[in-house]
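Engineer: Below: one structure in structure tokens.
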Amino acid sequence: MVGDRADAEAQITMGTAELTRFANSFIHQNVGEEYVEVRLRLAREGRVATVTGNHSGDEGLAALVDQALTIASTQPVDPDWPGLTERVEIPDSDHADPSTVAATPEQRAQVVADFVAAGPGMRAAGYCDIDWADVAYANTSGHHATSRRSRATIDGLQQTDESAGAGHQTSVAFADLDGGAAGTLAAERTRMGADAFDLKPGDYEVVLGPEPVATIAAFLALYGLNGKAVNEGQSFAALGEAQFDERITLVDDPLGTDALASPFDIEGTPKTSLTLVSSGVTVTLAHDRRSAHTAGAKSTGHAWTESVSWFPFAQHLVVTPGNHTVDEMIAAVDRGVYVATFNYCRILDPKTQVVTGLTRNGTFMIENGAITGAVTNLRFTQSFLAAWSPGNVAGIGNDLRYADCEFGHGLVRAPSMHLAEFRFTGGAEG
Amino acid sequence: MFDHANAAVEAALDGGATYSDARYIEAREETIEVFNGNVRRLQRQESSGVGVRALIGSSWGFFATPDITPAGLAAAGRRAAEIAKASAQVAGTPFDLADVAAVEAEYETPHEVSLLDVPLSEKVDMLVAVSNALRTVDEVKLALAALAGWDTHKWFVSSQGHRIHQHLVETGGGFEATVIGESETQVRSYPQSFGQFETGGYETVRAWDYLGNAPRIADEAASLLQAPQCPEGEMTLILEASQLALQIHESVGHAIELDRILGWEAALAGTSHLELEKLGKHRYGSDLMNITADATLPGALGTFGYDDEGTPAQRVPIVDEGTWVGVLSGRDSAAWVGLPPGGMVRGDGHGRFPMVRMTNVGLIPGDSSLEEMIAETERGVLMSTNRSWSIDDKRLNFQFGCQIGWEIENGRLGRMVKNPTYTGITPRFWGQLDMLGGEDEWVHWGTPNCGKGQPIQIAHTGHSASPGRFAEVRVGVTG
């Protein structure tokens with residue numbers, strides 16, 4: 001429809017998302033949506049405009065094209081316009097699991113029922129959801145690609161009047177979800193959380209579960225390990241330097257069998273496995289086409305809808321696991337804290353990576369190599385860069401899995417981790 | 001357009017719903033960002049579709065689709081009912097909705113010109129001028145100026161006879177200057193972090209005089225690099241009004257949401273430290289603390305004619321001279337506890353389930369002024385413009401960082417300080433409110449990015465505030 005009037009690229013995503021939500025141990029909200037997302041970006045003699053819509057019929061698309069051409073024609077030239085992705089072969093990808101595509105509200109309700117039943121006498125709250133979509137990309141350089149993806153999640157809490165614990169599972173396949181197992185983990189943490197006491201804030205040795213480790217990885221990636229943050233001088237990242245403990249290897253792996261992604265980004269750039277940190281050394285940055293153009297590099301396929309305003313973001317992160325069990329890491333702690341999940345984390349400065357947040361749904365005292373009781377939620381103010389700095393990572397677990405993080409589910413696979421020092425700056429009383 | 005919504009409602013009723021409603025929405029949105037003098041983002045978004053709710057037993061079913069053919073609308077209504085029925089596998093107690101009179105009504109946001117109808121060249125030229133003005137200060141390395149606007153038509157139909165059309169116009173923007181040091185970044189924003197947003201058209205942006213304020217903001221950003229750290233310890237804290245607005249949002253607005261209090265949001269957002277049996281008795285703060293949820297405030301971002309359940313916008317007392325007296329509610333949550341519905345239910349576009357959201361939750365102004373507060377402070381810090389925010393799942397333990405601060409010694413403003421932070425516990429902190437600015441300094445601040453729910457929804461909320469002073473607050477928390 002654009003013809004030779006401009007350079008243009010379009011991505012159309014058509015999918016279904018359904019979510020069964022429960023609280024106080026019953027399903028209270030149960031929702032679904034058929035969605036269509038049409039994104040058209042075009043450049044007319046370097047004048048760039050983006051329009052989006054949710055109708056894929058000829059009439060809707062023609063209206064978007066006309067609008068984009070009109071807007072672009074009134075704009076100043078964008079000196080940083082990186083151009084379109086060149087034609088490159090990307091095999092059509094079908095990475096959607098049939099059990100997710102076919103999952104019914106009754107099947108989701110059964111997963112919820114299993115989760116609830118695992119916590120007798122407790123109040124369960126959470127959700128079970130599925131999301132699958134077909135994605136198609138094409139541009140006026142002749143490049144095109146298609147893919148199909150899926151995700152399914154069970155995530156929830158078990159609660160009593162004095163404690164709460166969380167359980168989480170995410171997979172490509174709905175059939176993988178085990179509501180009973182997730183509910184049992186949450187219930188165990190809830191029972192362990194009884195009779196919690198207030199711990200004096202300070203520096204403590206910690207064992208972090210996969211969820212807080214995933215949050216640390218996501219913050220480092222979004223606010224630092226990308227080309228735009230480095231181009232702008234806002235990042236801590238220094239290529240070739242040993243900025244992390246030698247135990248840390250951080251990879252963006254969008255193509256593995258467990259990955260949830262499309263094999264290309266919204267600019268049509270093919271994704272590949274990208275090692276951001278190798279044995280503690282920062283080795284690569286995530287780029288979209290704009291940040292790569294500025295840096296004189298190549299896009300790594302990390303454009304997303306907000307990367308122009310925020311940052312290119314590695315969203316298939318894997319924190320390479322170690323060989324310790326969680327019990328072994330706890331056994332190595334004289335006096336410290338086990339943290340199951342973080343809550344409400346916000347960055348104070350991207351360059352220092354100082355972040356404040358809280359512990360939630362399972363915070364336990366470790367003494368002489370064993371968990372000896374529960375502590376009330378703690379506030380931390382801690383540089384995530386320092387948390388993974390050389391010498392501070394005492395051990396990494398072998399329990400790699402998809403872990404919920406501050407920015408949502410399905411973004412990070414992480415194991416548990418033992419850190420020598422972590423700064424808690426407040427407790428239940430402030 | 002009512003017919004689209006009505007077709008979905010009829011199908012949901014045929015599917016077994018005891019009550020159903022639907023919103024057909026046409027939404028337009030524009031975002032413009034100018035970065036270091038160049039347009040880096042110019043985006044228009046248009047969407048339309050219907051979202052239909054079906055109530056069966058103890059659960060809502062909801063389904064949304066952009067397909068507004070008769071077949072598509074009927075399928076959406078049926079699907080909403082099917083989804084609700086499946087909930088019976090994990091059922092709770094069936095409930096009814098609190099009564100709201102069915103009306104046929106129209107509402108339009110008072111405005112002069114929608115942002116989307118202003119010539120692009122005028123908007124872009126203004127933002128380029130602001131961005132370039134920021135960069136006249138050498139230390140400013142990142143100069144961002146931005147505008148955003150929403151122009152939304154909603155047609156609401158319920159099985160009880162509501163037929164309401166609303167045309168809502170929301171507009172805002174702002175700018176920020178970032179300076180980069182050896183091992184730090186510092187930021188200054190105007191009118192507040194993330195910009196200031198209001199109901200109304202482009203005339204609301206013109207009133208803030210971006211260009212006239214750019215030199216001051218750029219100078220302040222540059223000065224922060226040389227400024228000393230914020231002092232540590234317990235001392236008097238004065239909050240500039242936009243930071244106090246966010247304090248209200250986080251430590252009052254979310255805590256008074258009835259769905260949170262009832263545990264319906266426990267998994268993601270959390271619950272609340274408030275217990276319903278203490279409504280009317282619980283001390284939330286000092287006598288100076290008077291808060292309302294007022295969806296009728298002209299120009300405020302959380303203002304509308306009717307909420308997404310057809311309940312008229314209203315003004316609800318929340319805190320009266322320090323005592324907690326009200327909640328944010330909808331027809332279902334209000335019925336659960338026997339309160340009148342507050343008209344505070346909204347959904348994020350046609351694709352999201354309507355839920356309890358803040359309207360304009362704000363402080364009634366006091367009788368002091370920022371000048372008086374400083375003059376009457378022996379030792380303290382004045383903090384302005386949010387930079388970070390974090391609060392626990394019961395809305396008790398919070399920590400905020402601001403962009404800039406100034407020491408106060410013996411009634412006078414002293415040195416600028418950087419990285420100012422403060423932390424506290426909600427009722428204790430509000431109990432320490434001892435001076436509050438008057439109507440002259442009272443602003444309807446807007447928050448365009450309030451997240452809640454699963455799947456996540458973004459709401460636009462308002463928070464009226466003037467500057468406030470708090471005694472003996474812990475400041476200067478560092479990592």
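Chain labels A, B, ... are given in the sequence in which chains occur in the structure tokens; within each chain residues are numbered consecutively from 1, and ligands are likewise numbered from 1 in the order shown.
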Just want the 9 Å neighbourhood of Ala72 (chain A), counted on only C-alpha atoms, with same-chain residues fewer than 3 positions away dropped. Output as a VMD selection string.

Structural biologist: (chain A and resid 42 to 44 46 to 50 67 to 69 75 to 76) or (chain B and resid 42)

Engineer: Those residues with N, CA and C atoms, as a short mmCIF file (atom, residue, chain, number, x, y, z; two decimals), in the first residue's frame please?

Structural biologist:
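Writing the result to part08.cif gives the following:
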data_model
loop_
_atom_site.label_atom_id
_atom_site.label_comp_id
_atom_site.auth_asym_id
_atom_site.auth_seq_id
_atom_site.Cartn_x
_atom_site.Cartn_y
_atom_site.Cartn_z
N LEU A 42 7.28 4.40 8.91
CA LEU A 42 7.81 4.73 7.58
C LEU A 42 8.67 5.99 7.63
N ALA A 43 9.53 6.05 6.66
CA ALA A 43 10.43 7.20 6.54
C ALA A 43 10.33 7.74 5.12
N ARG A 44 9.94 8.99 5.04
CA ARG A 44 9.79 9.63 3.73
C ARG A 44 10.90 10.67 3.64
N GLY A 46 13.72 10.57 4.98
CA GLY A 46 14.30 10.75 6.31
C GLY A 46 13.34 11.31 7.34
N ARG A 47 12.11 11.54 6.95
CA ARG A 47 11.10 12.05 7.90
C ARG A 47 10.28 10.86 8.36
N VAL A 48 10.31 10.61 9.67
CA VAL A 48 9.84 9.33 10.21
C VAL A 48 8.55 9.51 11.00
N ALA A 49 7.64 8.57 10.82
CA ALA A 49 6.42 8.55 11.62
C ALA A 49 6.04 7.10 11.91
N THR A 50 5.43 6.90 13.06
CA THR A 50 4.94 5.57 13.44
C THR A 50 3.45 5.67 13.75
N GLN A 67 -2.38 8.03 7.01
CA GLN A 67 -2.07 8.85 8.17
C GLN A 67 -0.55 8.98 8.38
N ALA A 68 0.14 7.85 8.25
CA ALA A 68 1.59 7.88 8.45
C ALA A 68 2.29 8.76 7.42
N LEU A 69 1.86 8.67 6.17
CA LEU A 69 2.46 9.50 5.12
C LEU A 69 2.22 10.98 5.38
N GLN A 75 7.21 16.46 9.06
CA GLN A 75 8.26 16.38 10.07
C GLN A 75 9.62 16.86 9.58
N PRO A 76 10.46 17.30 10.52
CA PRO A 76 11.85 17.54 10.15
C PRO A 76 12.56 16.21 9.89
N LEU B 42 7.48 10.03 16.99
CA LEU B 42 6.20 10.66 16.64
C LEU B 42 5.25 9.52 16.35
#

Engineer: Give the strand (DSSP E or B) residues of region 104-313 of chain A, as assigned by DSSP on the backbone, as JSON, numbers by chain.

Structural biologist: {"A": [123, 124, 125, 126, 127, 128, 129, 130, 131, 132, 133, 134, 135, 136, 137, 138, 139, 144, 145, 146, 147, 148, 149, 150, 151, 152, 153, 154, 155, 156, 157, 158, 159, 164, 165, 166, 167, 168, 169, 170, 171, 197, 202, 203, 204, 205, 206, 207, 208, 226, 242, 250, 251, 252, 264, 270, 274, 275, 276, 277, 278, 281, 282, 286]}

Engineer: Counting only C-alpha atoms, what are the residues of chain A within 7 Å of chain B, and for each of them which pair of atoms is the nearest and at what distance in Å, to one decimal? Sort the table by chain and rising number, as CSV.

Structural biologist:
residue,atom,partner,partner_atom,distance
A:Ala23,CA,B:Trp264,CA,5.2
A:Asn24,CA,B:Gly263,CA,6.6
A:Phe26,CA,B:Val90,CA,5.1
A:Ile27,CA,B:Ser87,CA,5.6
A:His28,CA,B:Ser59,CA,4.4
A:Gln29,CA,B:Trp60,CA,5.0
A:Asn30,CA,B:Gly61,CA,4.9
A:Val31,CA,B:Phe62,CA,4.5
A:Gly32,CA,B:Phe63,CA,4.7
A:Glu33,CA,B:Ala64,CA,4.6
A:Glu34,CA,B:Thr65,CA,5.1
A:Tyr35,CA,B:Thr65,CA,6.5
A:Ala49,CA,B:Leu42,CA,5.5
A:Thr50,CA,B:Gln43,CA,4.7
A:Val51,CA,B:Arg44,CA,4.7
A:Thr52,CA,B:Gln45,CA,4.7
A:Gly53,CA,B:Glu46,CA,4.9
A:Asn54,CA,B:Ser47,CA,5.3
A:Thr74,CA,B:Ser121,CA,6.8
A:Asp78,CA,B:Val39,CA,6.5
A:Pro105,CA,B:Ala86,CA,5.8
A:Glu106,CA,B:Ala86,CA,5.2
A:Ala109,CA,B:Gln89,CA,6.3
A:Ala113,CA,B:Val90,CA,6.0
A:Ala125,CA,B:Ala267,CA,5.3
A:Gly126,CA,B:Ala267,CA,5.0
A:Gly156,CA,B:Ala267,CA,5.9
A:Leu157,CA,B:Ala267,CA,6.0
A:Gly233,CA,B:Ile180,CA,6.6
A:Gln234,CA,B:Thr185,CA,6.7
A:Tyr344,CA,B:Ser390,CA,5.5
A:Cys345,CA,B:Ser390,CA,6.3
A:Arg346,CA,B:Ser388,CA,6.0
A:Ile347,CA,B:Ser388,CA,6.5
A:Leu348,CA,B:Ser388,CA,5.8
A:Asp349,CA,B:Thr185,CA,6.4
A:Lys351,CA,B:Glu184,CA,5.5
A:Thr352,CA,B:Glu184,CA,6.5
A:Val354,CA,B:Gly479,CA,6.3
A:Thr356,CA,B:Ser390,CA,6.9
A:Gly357,CA,B:Ser390,CA,6.1
A:Leu358,CA,B:Asp392,CA,6.6
A:Thr381,CA,B:Gly479,CA,4.6
A:Gln382,CA,B:Gly479,CA,4.7
A:Ser383,CA,B:Gly479,CA,6.4
A:Arg423,CA,B:Gly479,CA,6.9
A:Ala428,CA,B:Asn397,CA,6.9
A:Glu429,CA,B:Ile425,CA,6.8
A:Gly430,CA,B:Gly424,CA,5.4

Engineer: Could you please take those selected residues and save N, CA and C atoms as a short mmCIF file (atom, residue, chain, number, x, y, z; two decimals), in the first residue's frame?

Structural biologist:
data_model
loop_
_atom_site.label_atom_id
_atom_site.label_comp_id
_atom_site.auth_asym_id
_atom_site.auth_seq_id
_atom_site.Cartn_x
_atom_site.Cartn_y
_atom_site.Cartn_z
N ALA A 23 -8.80 -14.94 44.10
CA ALA A 23 -8.46 -14.28 45.37
C ALA A 23 -9.38 -14.84 46.43
N ASN A 24 -8.90 -14.84 47.66
CA ASN A 24 -9.68 -15.44 48.75
C ASN A 24 -10.14 -16.84 48.37
N PHE A 26 -11.12 -18.19 45.59
CA PHE A 26 -12.09 -18.45 44.53
C PHE A 26 -11.80 -17.56 43.32
N ILE A 27 -12.31 -18.00 42.17
CA ILE A 27 -12.09 -17.23 40.93
C ILE A 27 -13.06 -16.05 40.93
N HIS A 28 -12.51 -14.84 40.87
CA HIS A 28 -13.38 -13.66 40.94
C HIS A 28 -13.38 -12.88 39.63
N GLN A 29 -12.32 -12.96 38.85
CA GLN A 29 -12.26 -12.27 37.57
C GLN A 29 -11.69 -13.24 36.55
N ASN A 30 -12.34 -13.34 35.42
CA ASN A 30 -11.95 -14.33 34.42
C ASN A 30 -12.09 -13.64 33.07
N VAL A 31 -10.98 -13.38 32.41
CA VAL A 31 -11.04 -12.46 31.27
C VAL A 31 -10.36 -13.05 30.03
N GLY A 32 -10.73 -12.52 28.89
CA GLY A 32 -10.11 -12.93 27.64
C GLY A 32 -10.15 -11.81 26.63
N GLU A 33 -9.26 -11.87 25.66
CA GLU A 33 -9.19 -10.82 24.64
C GLU A 33 -8.64 -11.39 23.35
N GLU A 34 -9.30 -11.11 22.25
CA GLU A 34 -8.70 -11.29 20.93
C GLU A 34 -8.04 -9.97 20.59
N TYR A 35 -6.76 -10.00 20.24
CA TYR A 35 -6.12 -8.72 19.95
C TYR A 35 -5.44 -8.73 18.59
N ALA A 49 7.64 8.57 10.82
CA ALA A 49 6.42 8.55 11.62
C ALA A 49 6.04 7.10 11.91
N THR A 50 5.43 6.90 13.06
CA THR A 50 4.94 5.57 13.44
C THR A 50 3.45 5.67 13.75
N VAL A 51 2.69 4.76 13.23
CA VAL A 51 1.26 4.70 13.56
C VAL A 51 0.93 3.26 13.95
N THR A 52 -0.02 3.14 14.85
CA THR A 52 -0.47 1.81 15.23
C THR A 52 -1.99 1.77 15.18
N GLY A 53 -2.50 0.59 14.97
CA GLY A 53 -3.94 0.40 14.95
C GLY A 53 -4.28 -1.02 15.37
N ASN A 54 -5.56 -1.33 15.42
CA ASN A 54 -5.94 -2.70 15.79
C ASN A 54 -6.94 -3.30 14.82
N THR A 74 5.17 16.20 7.33
CA THR A 74 5.24 17.48 8.05
C THR A 74 6.43 17.53 9.01
N ASP A 78 14.93 13.21 10.40
CA ASP A 78 15.49 12.56 11.58
C ASP A 78 16.94 12.17 11.26
N PRO A 105 -11.14 -22.24 29.34
CA PRO A 105 -11.36 -21.67 30.68
C PRO A 105 -11.51 -22.75 31.74
N GLU A 106 -12.10 -23.89 31.37
CA GLU A 106 -12.26 -24.98 32.34
C GLU A 106 -10.91 -25.55 32.74
N ALA A 109 -9.24 -23.15 35.04
CA ALA A 109 -9.87 -23.23 36.36
C ALA A 109 -9.36 -24.44 37.13
N ALA A 113 -7.75 -24.58 40.69
CA ALA A 113 -8.28 -25.45 41.75
C ALA A 113 -7.16 -26.24 42.42
N ALA A 125 -4.41 -16.59 46.24
CA ALA A 125 -4.67 -15.49 45.30
C ALA A 125 -3.64 -15.54 44.19
N GLY A 126 -4.06 -15.29 42.95
CA GLY A 126 -3.10 -15.30 41.85
C GLY A 126 -3.82 -15.38 40.51
N GLY A 156 0.93 -17.41 42.04
CA GLY A 156 0.01 -17.08 43.13
C GLY A 156 0.64 -17.12 44.50
N LEU A 157 -0.19 -16.74 45.45
CA LEU A 157 0.18 -16.71 46.87
C LEU A 157 -0.71 -17.64 47.65
N GLY A 233 25.60 7.74 27.87
CA GLY A 233 26.43 7.94 29.06
C GLY A 233 25.73 7.60 30.36
N GLN A 234 24.59 6.92 30.27
CA GLN A 234 23.83 6.61 31.48
C GLN A 234 24.14 5.22 32.04
N TYR A 344 8.32 -4.27 44.45
CA TYR A 344 8.30 -2.82 44.19
C TYR A 344 9.72 -2.23 44.17
N CYS A 345 10.53 -2.70 43.24
CA CYS A 345 11.91 -2.23 43.13
C CYS A 345 11.96 -1.03 42.18
N ARG A 346 12.69 -0.01 42.55
CA ARG A 346 12.86 1.17 41.71
C ARG A 346 14.30 1.62 41.75
N ILE A 347 14.81 2.05 40.60
CA ILE A 347 16.21 2.44 40.49
C ILE A 347 16.38 3.89 40.90
N LEU A 348 17.43 4.15 41.68
CA LEU A 348 17.72 5.52 42.09
C LEU A 348 18.65 6.21 41.10
N ASP A 349 19.59 5.46 40.51
CA ASP A 349 20.51 6.02 39.52
C ASP A 349 20.99 4.87 38.63
N LYS A 351 23.41 4.66 36.66
CA LYS A 351 24.86 4.51 36.55
C LYS A 351 25.43 3.73 37.74
N THR A 352 24.88 3.96 38.91
CA THR A 352 25.34 3.22 40.10
C THR A 352 24.54 1.95 40.29
N VAL A 354 21.97 1.64 41.98
CA VAL A 354 21.38 1.57 43.31
C VAL A 354 19.86 1.47 43.16
N THR A 356 16.11 0.53 45.29
CA THR A 356 15.42 0.26 46.55
C THR A 356 14.20 -0.61 46.28
N GLY A 357 13.91 -1.46 47.22
CA GLY A 357 12.76 -2.35 47.11
C GLY A 357 12.56 -3.06 48.43
N LEU A 358 11.68 -4.03 48.42
CA LEU A 358 11.38 -4.76 49.65
C LEU A 358 11.42 -6.26 49.41
N THR A 381 18.31 -1.01 50.10
CA THR A 381 18.81 0.02 49.19
C THR A 381 20.21 -0.43 48.82
N GLN A 382 20.34 -0.98 47.63
CA GLN A 382 21.52 -1.77 47.29
C GLN A 382 21.84 -1.59 45.81
N SER A 383 23.10 -1.38 45.50
CA SER A 383 23.52 -1.39 44.11
C SER A 383 23.49 -2.82 43.59
N ARG A 423 22.62 -5.02 51.39
CA ARG A 423 22.31 -3.97 52.37
C ARG A 423 20.81 -3.77 52.57
N ALA A 428 10.21 -3.50 59.23
CA ALA A 428 8.77 -3.29 59.33
C ALA A 428 8.45 -1.96 60.00
N GLU A 429 9.33 -1.49 60.86
CA GLU A 429 9.07 -0.25 61.58
C GLU A 429 9.73 0.95 60.93
N GLY A 430 10.25 0.78 59.74
CA GLY A 430 10.82 1.90 59.02
C GLY A 430 12.32 1.98 59.15
#

Engineer: Could you pull out the helix (DSSP H, G or I) residues of region 290-403 of chain B, going by DSSP on the backbone, and write them as a list in words?

Structural biologist: Arg331, Asp332, Ser333, Ala334, Ala335, Trp336, Val337, Leu370, Glu371, Glu372, Met373, Ile374 and Ala375 of chain B

Engineer: Can I get the selected residues back with C-alpha atoms, as a CSV table (one decimal), in the first residue's frame?

Structural biologist:
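The resulting file, part.csv, is shown below:
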chain,number,residue,atom,x,y,z
B,331,ARG,CA,-20.8,-1.7,42.4
B,332,ASP,CA,-19.5,-5.2,43.3
B,333,SER,CA,-17.1,-4.2,46.1
B,334,ALA,CA,-19.5,-1.8,47.6
B,335,ALA,CA,-22.2,-4.4,47.7
B,336,TRP,CA,-19.9,-6.8,49.4
B,337,VAL,CA,-19.5,-4.5,52.4
B,370,LEU,CA,6.0,27.1,51.4
B,371,GLU,CA,7.6,30.4,52.5
B,372,GLU,CA,6.1,30.1,56.0
B,373,MET,CA,7.1,26.5,56.3
B,374,ILE,CA,10.7,27.3,55.5
B,375,ALA,CA,10.7,30.3,57.8

Engineer: With a distance cut-off of 12 Å and only C-alpha atoms, select the neighbouring residues of Ala221 (chain B), excluding the residue or stretch itself and same-chain residues fewer than 2 positions from it, and output the selection as a ChimeraX atom specification.

Structural biologist: /B:134-135,137-143,176-181,185-190,214-219,223-227,403-405,416-419

Engineer: Please provide as a list of chain:residue names all residues within 10 Å of Met126 (chain B), with the sequence filter that same-chain residues fewer than 5 positions apart are discarded (counting only C-alpha atoms).

Structural biologist: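 Once the adjacent positions are removed, what remains is B:Val34, B:Leu120, B:Ser121, B:Ser131, B:Asn132, B:Ala145, B:Ala146, B:Arg206, B:Tyr210, B:Leu211.
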
Engineer: Let's have the selection written as an mmCIF file, in the first residue's frame, with N, CA and C atoms.

Structural biologist:
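Saved result, out_10.cif, follows:
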data_model
loop_
_atom_site.group_PDB
_atom_site.id
_atom_site.type_symbol
_atom_site.label_atom_id
_atom_site.label_comp_id
_atom_site.auth_asym_id
_atom_site.auth_seq_id
_atom_site.Cartn_x
_atom_site.Cartn_y
_atom_site.Cartn_z
ATOM 1 N N VAL B 34 10.898 14.891 21.564
ATOM 2 C CA VAL B 34 12.050 15.550 20.939
ATOM 3 C C VAL B 34 13.234 15.377 21.881
ATOM 4 N N LEU B 120 0.846 19.613 13.767
ATOM 5 C CA LEU B 120 2.066 18.978 14.246
ATOM 6 C C LEU B 120 3.226 19.958 14.308
ATOM 7 N N SER B 121 3.302 20.832 13.331
ATOM 8 C CA SER B 121 4.448 21.750 13.282
ATOM 9 C C SER B 121 4.483 22.635 14.524
ATOM 10 N N SER B 131 13.845 21.755 23.998
ATOM 11 C CA SER B 131 15.009 20.871 24.051
ATOM 12 C C SER B 131 16.295 21.649 23.785
ATOM 13 N N ASN B 132 16.251 22.528 22.801
ATOM 14 C CA ASN B 132 17.440 23.328 22.497
ATOM 15 C C ASN B 132 17.772 24.300 23.621
ATOM 16 N N ALA B 145 12.013 16.669 25.558
ATOM 17 C CA ALA B 145 10.742 17.382 25.714
ATOM 18 C C ALA B 145 9.663 16.545 25.034
ATOM 19 N N ALA B 146 8.517 16.429 25.673
ATOM 20 C CA ALA B 146 7.526 15.479 25.171
ATOM 21 C C ALA B 146 6.105 15.967 25.402
ATOM 22 N N ARG B 206 -0.104 24.878 27.210
ATOM 23 C CA ARG B 206 0.352 26.265 27.020
ATOM 24 C C ARG B 206 0.456 26.988 28.357
ATOM 25 N N TYR B 210 6.497 25.992 29.155
ATOM 26 C CA TYR B 210 7.695 25.127 29.137
ATOM 27 C C TYR B 210 8.959 25.947 28.847
ATOM 28 N N LEU B 211 8.885 26.758 27.782
ATOM 29 C CA LEU B 211 10.094 27.454 27.333
ATOM 30 C C LEU B 211 10.611 28.418 28.400
#

Engineer: Report, in Å with one decimal, the straight-line distance from CA of Met14 (chain A) to CA of Glu37 (chain A).

Structural biologist: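 Separating CA of Met14 (chain A) from CA of Glu37 (chain A) is a distance of 6.5 Å.
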
Engineer: Leaving out Asp203 (chain A) and any residue of its chain fewer than 5 positions from it, which residues lie within 10 Å of it when counting only C-alpha atoms, given as number ranges by chain?

Structural biologist: A: 336, 380, 382, 420-425

Engineer: For the residues in the current selection, export C-alpha atoms as a PDB file, in the first residue's frame.

Structural biologist:
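Wrote it out as again.pdb, contents follow:
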ATOM      1  CA  GLY A 336      22.153 -14.257  56.916  1.00  0.00           C
ATOM      2  CA  PHE A 380      16.878  -2.783  50.843  1.00  0.00           C
ATOM      3  CA  GLN A 382      21.521  -1.771  47.286  1.00  0.00           C
ATOM      4  CA  ALA A 420      28.304 -12.370  50.530  1.00  0.00           C
ATOM      5  CA  GLU A 421      26.767  -8.995  51.352  1.00  0.00           C
ATOM      6  CA  PHE A 422      23.481  -7.214  50.749  1.00  0.00           C
ATOM      7  CA  ARG A 423      22.314  -3.970  52.372  1.00  0.00           C
ATOM      8  CA  PHE A 424      18.958  -3.814  54.142  1.00  0.00           C
ATOM      9  CA  THR A 425      18.137  -0.242  55.109  1.00  0.00           C
TER      10      THR A 425
END

Engineer: Counting only C-alpha atoms, which of A:Glu267, A:Asp245, A:Asp253, A:Asp66 gets nearest to His287 (chain A)?

Structural biologist: A:Glu267

Engineer: Write out as an MDAnalysis selection string the residues lying within 10 Å of Val319 (chain B), counting only C-alpha atoms and excluding same-chain residues fewer than 4 positions away.

Structural biologist: chainID B and resid 252 256 279:280 282:285 287:293 323:327 362:364
